[in-house]
>>> print(open('upload_16.txt').read())   # compact mmCIF, C-alpha atoms
# COMPACT_ATOMS: atom_id res chain seq x y z
CA MET Z 68 0.00 0.00 0.00
CA PRO Z 69 1.84 3.13 -1.15
CA LEU Z 70 1.21 6.14 1.06
CA LEU Z 71 2.45 9.61 0.08
CA THR Z 72 2.46 12.47 2.56
CA LYS Z 73 3.15 16.01 1.45
CA SER Z 74 3.03 19.45 3.01
CA GLY Z 75 4.02 21.30 -0.17
CA ASN Z 76 3.49 21.01 -3.91
CA CYS Z 77 4.81 18.11 -5.98
CA SER Z 78 4.28 16.43 -9.31
CA PRO Z 79 3.89 12.65 -9.43
CA ASN Z 80 6.10 10.79 -11.84
CA GLU Z 81 4.86 7.94 -14.00
CA SER Z 82 6.10 5.18 -11.67
CA ILE Z 83 4.22 6.69 -8.74
CA LEU Z 84 1.02 6.87 -10.73
CA GLU Z 85 1.50 3.25 -11.80
CA TRP Z 86 1.41 2.04 -8.18
CA SER Z 87 -2.38 2.22 -8.17
CA ARG Z 88 -2.58 -0.55 -10.78
CA THR Z 89 -1.38 -3.15 -8.28
CA SER Z 90 -2.51 -1.86 -4.88
CA SER Z 91 -4.60 0.68 -3.02
CA CYS Z 92 -2.85 4.06 -2.85
CA PHE Z 93 -3.36 7.00 -0.53
CA TYR Z 94 -2.12 10.58 -0.76
CA VAL Z 95 -2.11 12.62 2.45
CA THR Z 96 -1.66 16.36 2.20
CA SER Z 97 -2.14 19.61 4.08
CA ARG Z 98 -2.09 21.76 0.93
CA ALA Z 99 -4.76 22.30 -1.73
CA ASP Z 100 -3.10 21.51 -5.07
CA LYS Z 101 -6.21 20.80 -7.12
CA GLY Z 102 -4.27 19.89 -10.26
CA LEU Z 103 -2.20 17.26 -8.45
CA ILE Z 104 -5.22 15.94 -6.61
CA SER Z 105 -7.19 15.60 -9.83
CA GLU Z 106 -4.33 13.74 -11.53
CA LEU Z 107 -3.97 11.31 -8.61
CA GLN Z 108 -7.72 10.70 -8.49
CA ASN Z 109 -7.71 9.92 -12.21
CA HIS Z 110 -5.27 7.11 -11.37
CA ASN Z 111 -7.51 5.78 -8.55
CA TRP Z 112 -5.56 7.28 -5.65
CA ARG Z 113 -7.54 8.12 -2.51
CA VAL Z 114 -6.75 11.63 -1.24
CA VAL Z 115 -6.88 12.66 2.42
CA SER Z 116 -6.38 16.24 3.59
CA VAL Z 117 -5.30 17.01 7.16
CA GLY Z 118 -5.99 20.23 9.05
CA LYS Z 119 -9.10 22.35 9.36
CA GLU Z 120 -7.34 25.38 7.90
CA TYR Z 121 -6.66 23.43 4.70
CA ASN Z 122 -10.10 21.92 4.15
CA ILE Z 123 -10.03 20.95 0.47
CA GLU Z 124 -13.35 21.38 -1.32
CA VAL Z 125 -12.70 18.85 -4.06
CA PRO Z 126 -15.09 15.95 -4.72
CA GLY Z 127 -13.77 12.64 -3.41
CA VAL Z 128 -11.25 14.18 -0.98
CA LEU Z 129 -11.65 13.05 2.61
CA ASN Z 130 -10.98 15.87 5.07
CA VAL Z 131 -9.51 15.03 8.49
CA GLY Z 132 -9.57 17.84 11.02
CA MET Z 133 -6.73 16.73 13.31
CA LEU Z 134 -3.53 14.77 12.75
CA GLN Z 135 -4.50 12.36 15.59
CA GLU Z 136 -7.40 11.16 13.43
CA LEU Z 137 -5.22 10.22 10.48
CA LEU Z 138 -4.10 6.67 11.34
CA LEU Z 139 -7.58 5.49 12.30
CA THR Z 140 -9.01 7.14 9.18
CA LEU Z 141 -6.47 5.37 6.97
CA ALA Z 142 -7.08 2.06 8.74
CA THR Z 143 -10.83 2.20 8.14
CA LEU Z 144 -10.27 3.16 4.49
CA ILE Z 145 -7.84 0.26 4.00
CA LYS Z 146 -10.28 -2.15 5.60
CA ARG Z 147 -13.06 -1.02 3.27
CA GLU Z 148 -10.78 -1.24 0.23
CA ILE Z 149 -9.77 -4.82 1.04
CA GLY Z 150 -13.23 -5.75 2.26
CA GLY Z 151 -14.58 -8.64 4.28
CA SER Z 152 -13.70 -9.63 7.83
CA SER Z 153 -10.15 -10.61 6.98
CA VAL Z 154 -8.82 -7.26 8.21
CA LEU Z 155 -9.06 -6.29 11.87
CA VAL Z 156 -8.37 -2.80 13.17
CA ILE Z 157 -6.79 -2.97 16.64
CA GLY Z 158 -6.98 0.18 18.74
CA TYR Z 159 -4.36 0.25 21.48
CA VAL Z 160 -3.97 2.18 24.74
CA MET Z 161 -0.67 2.26 26.63
CA LYS Z 162 1.97 4.72 27.79
CA GLN Z 163 4.14 6.28 25.11
CA SER Z 164 7.37 4.47 26.00
CA ARG Z 165 5.62 1.10 25.75
CA GLU Z 166 3.99 2.05 22.44
CA GLU Z 167 7.37 3.13 21.05
CA ASP Z 168 8.95 -0.15 22.14
CA PHE Z 169 6.29 -2.25 20.38
CA ALA Z 170 6.42 -0.05 17.27
CA ARG Z 171 10.23 -0.17 17.12
CA ARG Z 172 10.06 -3.94 17.03
CA GLY Z 173 7.59 -3.90 14.14
CA ALA Z 174 4.68 -5.18 16.26
CA PHE Z 175 2.27 -2.36 15.30
CA PRO Z 176 1.92 -2.37 11.48
CA ILE Z 177 -0.34 0.29 9.95
CA TYR Z 178 -1.07 -1.90 6.92
CA PRO Z 179 -2.56 -5.42 7.24
CA ASN Z 180 0.09 -7.96 8.29
CA LYS Z 181 -0.02 -11.72 7.66
CA ASP Z 182 -2.86 -12.03 10.20
CA GLY Z 183 -4.78 -9.13 8.64
CA LEU Z 184 -4.14 -6.82 11.61
CA ILE Z 185 -3.78 -3.03 11.55
CA PHE Z 186 -2.77 -1.26 14.76
CA VAL Z 187 -3.80 2.31 15.55
CA PRO Z 188 -3.45 4.38 18.73
CA LEU Z 189 -6.63 5.52 20.45
CA SER Z 190 -6.39 9.22 21.28
CA PHE Z 191 -7.81 10.62 24.51
CA GLU Z 192 -7.77 14.05 22.83
CA LEU Z 193 -10.59 13.01 20.49
CA PRO Z 194 -14.09 11.64 21.23
CA LEU Z 195 -13.51 8.00 22.20
CA SER Z 196 -16.95 6.66 21.37
CA SER Z 197 -16.51 7.31 17.64
CA GLN Z 198 -13.00 5.80 17.68
CA LEU Z 199 -14.16 2.68 19.51
CA GLN Z 200 -16.94 2.16 16.98
CA GLU Z 201 -14.34 2.07 14.19
CA VAL Z 202 -12.04 -0.55 15.73
CA ASP Z 203 -12.66 -4.29 15.97
CA MET Z 204 -10.91 -4.73 19.29
CA VAL Z 205 -8.84 -2.92 21.91
CA LEU Z 206 -5.39 -3.90 23.15
CA HIS Z 207 -4.63 -2.17 26.43
CA LYS Z 208 -2.25 -1.93 29.34
CA ILE Z 209 -4.85 -0.76 31.83
CA THR Z 210 -2.30 -0.30 34.61
CA ASP Z 211 -0.64 2.50 32.60
CA GLU Z 212 -3.82 4.52 33.13
CA ILE Z 213 -4.12 4.24 36.92
CA VAL Z 214 -4.21 7.70 38.51
CA LYS Z 215 -4.70 6.63 42.13
CA ILE Z 216 -5.19 3.39 44.02
CA ASP Z 217 -6.40 2.65 47.54
CA PRO Z 218 -4.28 -0.26 48.87
CA ASN Z 219 -6.94 -1.08 51.46
CA CYS Z 220 -9.34 -2.04 48.65
CA SER Z 221 -6.94 -4.41 46.92
CA ILE Z 222 -9.02 -7.53 47.48
CA ASP Z 223 -12.00 -5.76 45.84
CA PHE Z 224 -10.31 -4.24 42.77
CA PRO Z 225 -11.45 -2.34 40.70
CA LYS Z 226 -13.08 -0.73 43.74
CA GLY Z 227 -10.59 1.81 45.06
CA ILE Z 228 -8.89 2.39 41.67
CA LEU Z 229 -9.14 5.75 39.92
CA PHE Z 230 -8.39 5.47 36.21
CA SER Z 231 -7.75 8.29 33.75
CA ALA Z 232 -10.87 9.80 32.20
CA GLY Z 233 -10.08 8.16 28.85
CA MET Z 234 -9.57 4.70 30.34
CA SER Z 235 -12.75 5.08 32.40
CA GLU Z 236 -14.69 5.81 29.22
CA ILE Z 237 -13.26 2.71 27.52
CA ILE Z 238 -14.23 0.58 30.54
CA ARG Z 239 -17.81 1.91 30.38
CA PHE Z 240 -17.97 1.30 26.62
CA VAL Z 241 -16.86 -2.32 27.02
CA GLU Z 242 -19.19 -2.96 29.97
CA GLU Z 243 -22.14 -1.80 27.87
CA ARG Z 244 -21.11 -4.08 24.99
CA PRO Z 245 -20.31 -7.54 26.36
CA ASP Z 246 -19.56 -8.87 22.85
CA PHE Z 247 -16.85 -6.26 22.22
CA CYS Z 248 -13.38 -7.83 22.14
CA ILE Z 249 -10.54 -6.60 24.33
CA ILE Z 250 -7.12 -8.02 25.15
CA ASP Z 251 -7.50 -8.81 27.85
CA PRO Z 252 -10.76 -8.63 29.87
CA PHE Z 253 -10.41 -6.16 32.72
CA LYS Z 254 -11.79 -8.58 35.32
CA ASN Z 255 -9.08 -11.09 34.42
CA ILE Z 256 -6.35 -8.52 34.99
CA TYR Z 257 -7.47 -7.04 38.31
CA PRO Z 258 -6.19 -10.02 40.39
CA LEU Z 259 -2.66 -9.35 39.09
CA LEU Z 260 -2.70 -5.90 40.72
CA ASP Z 261 -2.65 -7.53 44.15
CA ARG Z 262 0.28 -9.66 45.32
CA LEU Z 263 -1.92 -11.51 47.79
CA GLN Z 264 -4.31 -12.53 45.02
CA ILE Z 265 -1.31 -13.51 42.87
CA GLN Z 266 -0.19 -15.72 45.75
CA ASN Z 267 -3.63 -17.36 45.94
CA ILE Z 268 -3.47 -18.07 42.21
CA LEU Z 269 0.02 -19.57 42.40
CA VAL Z 270 -0.93 -21.79 45.35
CA ARG Z 271 -3.18 -23.65 42.92
CA LEU Z 272 -0.10 -24.93 41.09
CA LYS Z 273 -0.24 -27.87 43.49
CA GLU Z 274 -3.21 -29.08 41.42
CA LEU Z 275 -0.71 -29.96 38.69
CA GLY Z 276 0.57 -33.50 38.90
CA THR Z 277 4.37 -33.33 38.96
CA GLU Z 278 5.27 -36.85 39.99
CA GLY Z 279 8.86 -37.65 39.08
CA LYS Z 280 9.59 -33.99 38.41
CA PRO Z 281 10.83 -31.09 40.54
CA LYS Z 282 8.32 -29.56 42.92
CA LEU Z 283 6.52 -26.61 41.36
CA ARG Z 284 5.13 -24.14 43.88
CA ALA Z 285 4.35 -20.64 45.01
CA PRO Z 286 6.70 -18.93 47.48
CA TYR Z 287 5.71 -19.14 51.14
CA SER Z 288 4.26 -15.81 52.17
CA LEU Z 289 2.27 -13.88 54.75
CA LYS Z 290 0.22 -10.69 54.55
CA VAL Z 291 0.87 -8.05 57.25
CA ASP Z 292 -1.02 -4.85 57.99
CA ASN Z 293 1.66 -3.55 60.32
CA PHE Z 294 5.22 -4.49 61.29
CA HIS Z 295 4.63 -4.27 65.06
CA ASP Z 296 2.32 -7.24 65.55
CA GLY Z 297 3.31 -8.89 68.85
CA GLU Z 298 2.49 -12.31 67.43
CA LEU Z 299 4.39 -11.86 64.18
CA ASP Z 300 6.90 -14.58 65.14
CA LYS Z 301 4.05 -17.03 65.57
CA HIS Z 302 2.44 -16.05 62.26
CA LEU Z 303 5.75 -16.47 60.45
CA THR Z 304 6.18 -19.98 61.83
CA GLU Z 305 2.62 -20.90 60.83
CA ALA Z 306 3.33 -19.65 57.30
CA ASN Z 307 6.52 -21.77 57.09
CA LEU Z 308 8.61 -18.60 56.89
CA SER Z 309 12.05 -17.84 58.27
CA PHE Z 310 14.54 -15.06 57.68
CA PRO Z 311 15.73 -13.65 55.38
CA LEU Z 312 12.44 -12.38 53.95
CA ILE Z 313 11.65 -10.17 51.02
CA VAL Z 314 9.03 -7.53 51.82
CA LYS Z 315 6.78 -6.31 49.01
CA PRO Z 316 3.81 -3.90 48.94
CA GLN Z 317 0.54 -5.76 48.51
CA VAL Z 318 -0.34 -3.49 45.56
CA ALA Z 319 1.66 -4.95 42.67
CA CYS Z 320 1.59 -2.16 40.08
CA GLY Z 321 -0.02 1.06 38.96
CA VAL Z 322 1.40 3.28 41.72
CA ALA Z 323 4.85 4.79 42.20
CA ASP Z 324 5.88 2.74 45.25
CA ALA Z 325 4.50 -0.64 44.15
CA HIS Z 326 8.03 -1.82 43.38
CA ASN Z 327 9.71 -0.47 46.53
CA MET Z 328 10.86 -3.58 48.41
CA ALA Z 329 13.27 -4.70 51.09
CA LEU Z 330 15.22 -7.77 52.09
CA VAL Z 331 15.28 -8.17 55.88
CA PHE Z 332 17.52 -10.55 57.82
CA GLN Z 333 15.93 -10.40 61.27
CA ILE Z 334 12.61 -9.38 62.78
CA GLU Z 335 13.95 -6.19 64.37
CA GLU Z 336 14.67 -4.76 60.91
CA LEU Z 337 10.94 -4.60 60.19
CA SER Z 338 10.25 -1.91 62.79
CA ASN Z 339 11.32 1.14 60.74
CA LEU Z 340 10.87 -0.29 57.29
CA GLY Z 341 9.67 2.10 54.57
CA VAL Z 342 7.83 -0.49 52.45
CA PRO Z 343 4.16 0.58 52.04
CA LEU Z 344 1.50 -1.29 54.00
CA PRO Z 345 -0.31 -3.58 53.71
CA ALA Z 346 2.62 -5.72 52.66
CA VAL Z 347 3.46 -9.31 51.81
CA LEU Z 348 6.35 -11.07 53.53
CA GLN Z 349 7.79 -13.65 51.16
CA GLU Z 350 10.50 -16.25 51.54
CA TYR Z 351 13.77 -15.32 49.91
CA VAL Z 352 14.70 -18.25 47.70
CA ASP Z 353 18.42 -18.81 47.11
CA HIS Z 354 18.48 -19.40 43.38
CA GLY Z 355 22.03 -19.21 42.17
CA SER Z 356 21.67 -15.66 40.85
CA LYS Z 357 19.58 -16.84 37.89
CA ILE Z 358 15.96 -16.02 37.14
CA PHE Z 359 13.95 -17.54 34.30
CA LYS Z 360 11.55 -15.16 32.56
CA PHE Z 361 8.61 -16.99 30.98
CA TYR Z 362 6.24 -15.37 28.51
CA VAL Z 363 2.90 -16.72 27.34
CA ILE Z 364 1.96 -15.11 24.01
CA GLY Z 365 -1.18 -16.65 22.58
CA ASP Z 366 -0.59 -20.41 22.50
CA LYS Z 367 3.21 -20.07 22.50
CA VAL Z 368 5.49 -20.15 25.55
CA PHE Z 369 8.94 -18.58 25.50
CA HIS Z 370 11.58 -18.18 28.15
CA ALA Z 371 14.87 -16.42 28.72
CA VAL Z 372 17.50 -16.46 31.45
CA ARG Z 373 18.63 -13.35 33.28
CA ASN Z 374 21.09 -12.59 36.02
CA SER Z 375 19.38 -12.01 39.33
CA MET Z 376 19.98 -11.27 42.98
CA PRO Z 377 22.76 -13.24 44.68
CA ASN Z 378 22.16 -15.76 47.44
CA ALA Z 379 21.22 -14.39 50.83
CA SER Z 380 24.64 -15.03 52.37
CA PHE Z 381 26.27 -12.64 49.89
CA LEU Z 382 23.59 -10.02 50.48
CA LYS Z 383 23.82 -10.25 54.27
CA SER Z 384 27.60 -9.80 54.23
CA SER Z 385 27.20 -6.52 52.37
CA SER Z 386 24.12 -5.21 54.20
CA GLY Z 387 25.96 -3.64 57.14
CA GLY Z 388 23.37 -4.96 59.56
CA GLU Z 389 20.58 -3.01 57.84
CA PRO Z 390 17.66 -4.13 55.67
CA LEU Z 391 18.48 -3.99 51.97
CA THR Z 392 15.99 -1.68 50.24
CA PHE Z 393 15.56 -1.44 46.48
CA ASN Z 394 13.16 -0.73 43.64
CA SER Z 395 12.69 -3.94 41.66
CA LEU Z 396 12.36 -2.01 38.37
CA LYS Z 397 15.40 0.21 38.85
CA THR Z 398 17.89 -0.79 41.55
CA LEU Z 399 17.58 -4.56 41.86
CA PRO Z 400 20.87 -5.82 43.35
CA VAL Z 401 22.34 -8.22 40.80
CA ALA Z 402 25.03 -10.78 41.60
CA THR Z 403 28.61 -9.95 40.63
CA LYS Z 404 30.52 -12.22 38.25
CA GLU Z 405 32.54 -13.59 41.17
CA GLN Z 406 29.35 -14.41 43.13
CA GLN Z 407 27.84 -16.09 40.07
CA LEU Z 408 30.93 -18.27 39.61
CA GLN Z 409 30.94 -19.30 43.27
CA THR Z 410 27.27 -20.18 43.11
CA ARG Z 411 27.62 -22.27 39.96
CA VAL Z 412 30.30 -24.38 41.60
CA GLN Z 413 27.92 -25.08 44.49
CA ASP Z 414 24.82 -25.86 42.44
CA SER Z 415 24.41 -26.31 38.70
CA LYS Z 416 20.65 -27.07 38.57
CA SER Z 417 18.74 -25.53 35.68
CA VAL Z 418 15.07 -25.05 34.95
CA ASP Z 419 12.84 -27.90 33.77
CA ALA Z 420 11.33 -26.04 30.81
CA ASP Z 421 8.76 -28.75 30.05
CA LEU Z 422 7.47 -28.63 33.61
CA VAL Z 423 7.15 -24.84 33.57
CA GLU Z 424 5.45 -24.91 30.17
CA GLU Z 425 2.81 -27.17 31.74
CA ALA Z 426 2.42 -24.56 34.46
CA ALA Z 427 2.13 -21.83 31.82
CA LYS Z 428 -0.77 -23.61 30.13
CA PHE Z 429 -2.39 -24.23 33.51
CA LEU Z 430 -2.09 -20.54 34.42
CA LYS Z 431 -3.39 -19.45 31.01
CA GLY Z 432 -6.57 -21.45 31.58
CA LEU Z 433 -6.85 -20.16 35.13
CA LEU Z 434 -6.27 -16.51 34.30
CA GLY Z 435 -8.02 -16.28 30.93
CA LEU Z 436 -5.28 -14.04 29.52
CA THR Z 437 -3.79 -13.91 26.02
CA ILE Z 438 -0.45 -12.34 26.97
CA PHE Z 439 1.23 -12.58 30.36
CA GLY Z 440 4.56 -13.32 31.97
CA PHE Z 441 5.92 -14.91 35.12
CA ASP Z 442 9.29 -15.39 36.80
CA VAL Z 443 10.70 -18.72 37.98
CA VAL Z 444 13.61 -19.36 40.32
CA VAL Z 445 15.09 -22.79 41.02
CA GLN Z 446 15.81 -23.21 44.72
CA GLU Z 447 19.28 -24.38 45.58
CA GLY Z 448 19.40 -27.65 47.47
CA THR Z 449 15.78 -28.72 46.87
CA GLY Z 450 15.48 -27.94 43.14
CA ASP Z 451 11.99 -26.57 43.79
CA HIS Z 452 10.70 -24.44 40.91
CA VAL Z 453 9.20 -21.37 42.57
CA ILE Z 454 7.07 -18.90 40.59
CA VAL Z 455 7.68 -15.56 42.25
CA ASP Z 456 5.81 -13.08 40.05
CA LEU Z 457 2.96 -12.77 37.55
CA ASN Z 458 2.31 -9.81 35.26
CA TYR Z 459 0.06 -8.81 32.37
CA LEU Z 460 1.26 -7.71 28.91
CA PRO Z 461 5.00 -7.70 29.61
CA SER Z 462 7.44 -6.36 27.04
CA PHE Z 463 8.87 -9.86 26.30
CA LYS Z 464 11.96 -8.00 25.07
CA GLU Z 465 14.22 -10.99 25.84
CA VAL Z 466 12.46 -13.02 23.13
CA PRO Z 467 13.76 -12.46 19.58
CA ASP Z 468 11.38 -10.25 17.58
CA SER Z 469 11.30 -12.86 14.79
CA GLU Z 470 9.59 -15.26 17.21
CA ALA Z 471 7.72 -12.99 19.61
CA VAL Z 472 6.03 -10.63 17.14
CA PRO Z 473 4.37 -13.33 14.95
CA ALA Z 474 3.19 -15.09 18.13
CA PHE Z 475 1.82 -11.75 19.36
CA TRP Z 476 -0.15 -11.27 16.14
CA ASP Z 477 -1.39 -14.87 16.11
CA GLY Z 478 -2.52 -14.62 19.73
CA ILE Z 479 -4.50 -11.45 19.06
CA ARG Z 480 -6.19 -12.97 16.01
CA GLN Z 481 -7.02 -16.19 17.87
CA THR Z 482 -8.55 -14.29 20.78
CA TYR Z 483 -10.74 -12.29 18.41
CA GLU Z 484 -11.93 -15.40 16.56
CA LEU Z 485 -12.75 -17.19 19.81
CA LYS Z 486 -14.68 -14.18 21.10
CA ARG Z 487 -16.64 -13.92 17.85
CA ALA Z 488 -17.42 -17.65 17.84
CA LYS Z 489 -18.77 -17.46 21.40
CA ALA Z 490 -20.91 -14.44 20.52
CA GLN Z 491 -22.49 -16.38 17.65
CA THR Z 492 -23.45 -19.43 19.75
>>> encode(input="upload_16.txt", output="structure tokens")
Amino acid sequence: MPLLTKSGNCSPNESILEWSRTSSCFYVTSRADKGLISELQNHNWRVVSVGKEYNIEVPGVLNVGMLQELLLTLATLIKREIGGSSVLVIGYVMKQSREEDFARRGAFPIYPNKDGLIFVPLSFELPLSSQLQEVDMVLHKITDEIVKIDPNCSIDFPKGILFSAGMSEIIRFVEERPDFCIIDPFKNIYPLLDRLQIQNILVRLKELGTEGKPKLRAPYSLKVDNFHDGELDKHLTEANLSFPLIVKPQVACGVADAHNMALVFQIEELSNLGVPLPAVLQEYVDHGSKIFKFYVIGDKVFHAVRNSMPNASFLKSSSGGEPLTFNSLKTLPVATKEQQLQTRVQDSKSVDADLVEEAAKFLKGLLGLTIFGFDVVVQEGTGDHVIVDLNYLPSFKEVPDSEAVPAFWDGIRQTYELKRAKAQT
């Protein structure tokens, strides 16, 4: 699909005019050159003008008032030109840095890809209802649009969450149209905003039969509403917990301090801890400084290995008798090369990928999500495979684009077809 954009005057050469013989062609302009427009139209080009000040009064020219309308306008025109239900227009909502990352990897084509998908951004600066009526489905990262969250309501999300005005309008639109397709349903994502609910989901991994394989489990954990509970020792014992512990806010994402954590080595270190409450106390699993990042994209499962935090003994020796505080997105303490070498001598266990892929399929059915990720650590000594985190629509940047992007497209198409089939039964 040739697309010409021009802010000044130009004359098309013969080869440009010939493009329209083999494909649909569009000319986008902000200037009124009636002679050029007429010549292009004679060769079956579609002409789109952008900008209210340059409204072109020529028959057959489509006038778009604002630049933000252009991509959606082109997408709907392309869909009509090609015809049928083979082309799907996907409107997406996410923060700019995430959008740029997906676009840079070629995941957001503006002309139908092999799965017939066109991706366009939804603009909160324009009326959303008309945009939503033009797209076939919405891909969103709803947590990018959280303005405020009440941690005391976490078990009842979305109660206690204030979303941006634009996201709130999308939520209302979808609620009023149960057959409208989104990736993924809001109700399926809300549990992943709460680390306690994530824990309750992961506990169900014991339903998987793993006879003859390593134990697959959730980390031992305990919710606390304050760090001064006189019976905290007793509660820790009942939860099968012992120090060191990693302390995480119960709210998992969507607010600035959701990733502020601490590693504590004794109970006294909890007294002046700055981790937001309520919090989850979680066992710190010695894992040889390696973490396995798993990504479920449609019906495909990928994984990558990353360096991670060193074993607790290394961390304690460098803590100076204080809790180790960090932001898991920015300042995660990663093992040095020397620590990694020492650890590998002690324990060379690796991940059982087949076992974790079984868990991935189990979690996919449980969560009802198209795209999600989780982290696995292999405990030294026992070989237990412990899933320590779950998240929705991760970047899956560790997976090669040549594998991840086609799986991403396939997963979106499959979800749409399943939704449509259910609506027709």
>>> atom_distance(input="upload_16.txt", atom1="atom CA of Ala371 of chain Z", atom2="atom CA of Ile358 of chain Z")
8.5 Å
>>> residues_around(input="upload_16.txt", residues="His370 of chain Z", least_positions_apart="5", cutoff="10 Å", atoms="all atoms listed in the file", output="list in words")
Phe359, Lys360, Phe361, Tyr362, Val363, Ala420, Val423, Glu424, Gly440, Phe441, Asp442, Val443, Phe463, Glu465 and Val466 of chain Z
>>> write_last_selection(input="upload_16.txt", atoms="C-alpha atoms", output="compact mmCIF listing (two decimals), keeping the file's coordinate frame")
# COMPACT_ATOMS: atom_id res chain seq x y z
CA PHE Z 359 13.95 -17.54 34.30
CA LYS Z 360 11.55 -15.16 32.56
CA PHE Z 361 8.61 -16.99 30.98
CA TYR Z 362 6.24 -15.37 28.51
CA VAL Z 363 2.90 -16.72 27.34
CA ALA Z 420 11.33 -26.04 30.81
CA VAL Z 423 7.15 -24.84 33.57
CA GLU Z 424 5.45 -24.91 30.17
CA GLY Z 440 4.56 -13.32 31.97
CA PHE Z 441 5.92 -14.91 35.12
CA ASP Z 442 9.29 -15.39 36.80
CA VAL Z 443 10.70 -18.72 37.98
CA PHE Z 463 8.87 -9.86 26.30
CA GLU Z 465 14.22 -10.99 25.84
CA VAL Z 466 12.46 -13.02 23.13
>>> residues_around(input="upload_16.txt", residues="segment 109-113 of chain Z", least_positions_apart="3", cutoff="6 Å", atoms="all atoms listed in the file", output="mmCIF file with C-alpha atoms, in the frame of the given file")
data_model
loop_
_atom_site.group_PDB
_atom_site.id
_atom_site.type_symbol
_atom_site.label_atom_id
_atom_site.label_comp_id
_atom_site.auth_asym_id
_atom_site.auth_seq_id
_atom_site.Cartn_x
_atom_site.Cartn_y
_atom_site.Cartn_z
ATOM 1 C CA CYS Z 92 -2.850 4.060 -2.850
ATOM 2 C CA PHE Z 93 -3.360 7.000 -0.530
ATOM 3 C CA GLU Z 106 -4.330 13.740 -11.530
#
>>> axis_aligned_box(input="upload_16.txt", around="segment 232-245 of chain Z", padding_each_side="3 Å", output="lines of an AutoDock Vina configuration file")
center_x = -15.9
center_y = 1.1
center_z = 28.7
size_x = 18.6
size_y = 23.3
size_z = 13.4
>>> closest_atom_pairs(input="upload_16.txt", of="segment 246-266 of chain Z", to="segment 280-292 of chain Z", cutoff="10 Å", atoms="all atoms listed in the file", output="tab-separated table")
residue	atom	partner	partner_atom	distance
Z:Arg262	CA	Z:Lys290	CA	9.3
Z:Leu263	CA	Z:Lys290	CA	7.1
Z:Ile265	CA	Z:Ala285	CA	9.4
Z:Gln266	CA	Z:Ala285	CA	6.7
>>> write_last_selection(input="upload_16.txt", atoms="C-alpha atoms", output="JSON list (two decimals), in the coordinates of the input")
[["chain", "number", "residue", "atom", "x", "y", "z"],
["Z", 262, "ARG", "CA", 0.28, -9.66, 45.32],
["Z", 263, "LEU", "CA", -1.92, -11.51, 47.79],
["Z", 265, "ILE", "CA", -1.31, -13.51, 42.87],
["Z", 266, "GLN", "CA", -0.19, -15.72, 45.75]]
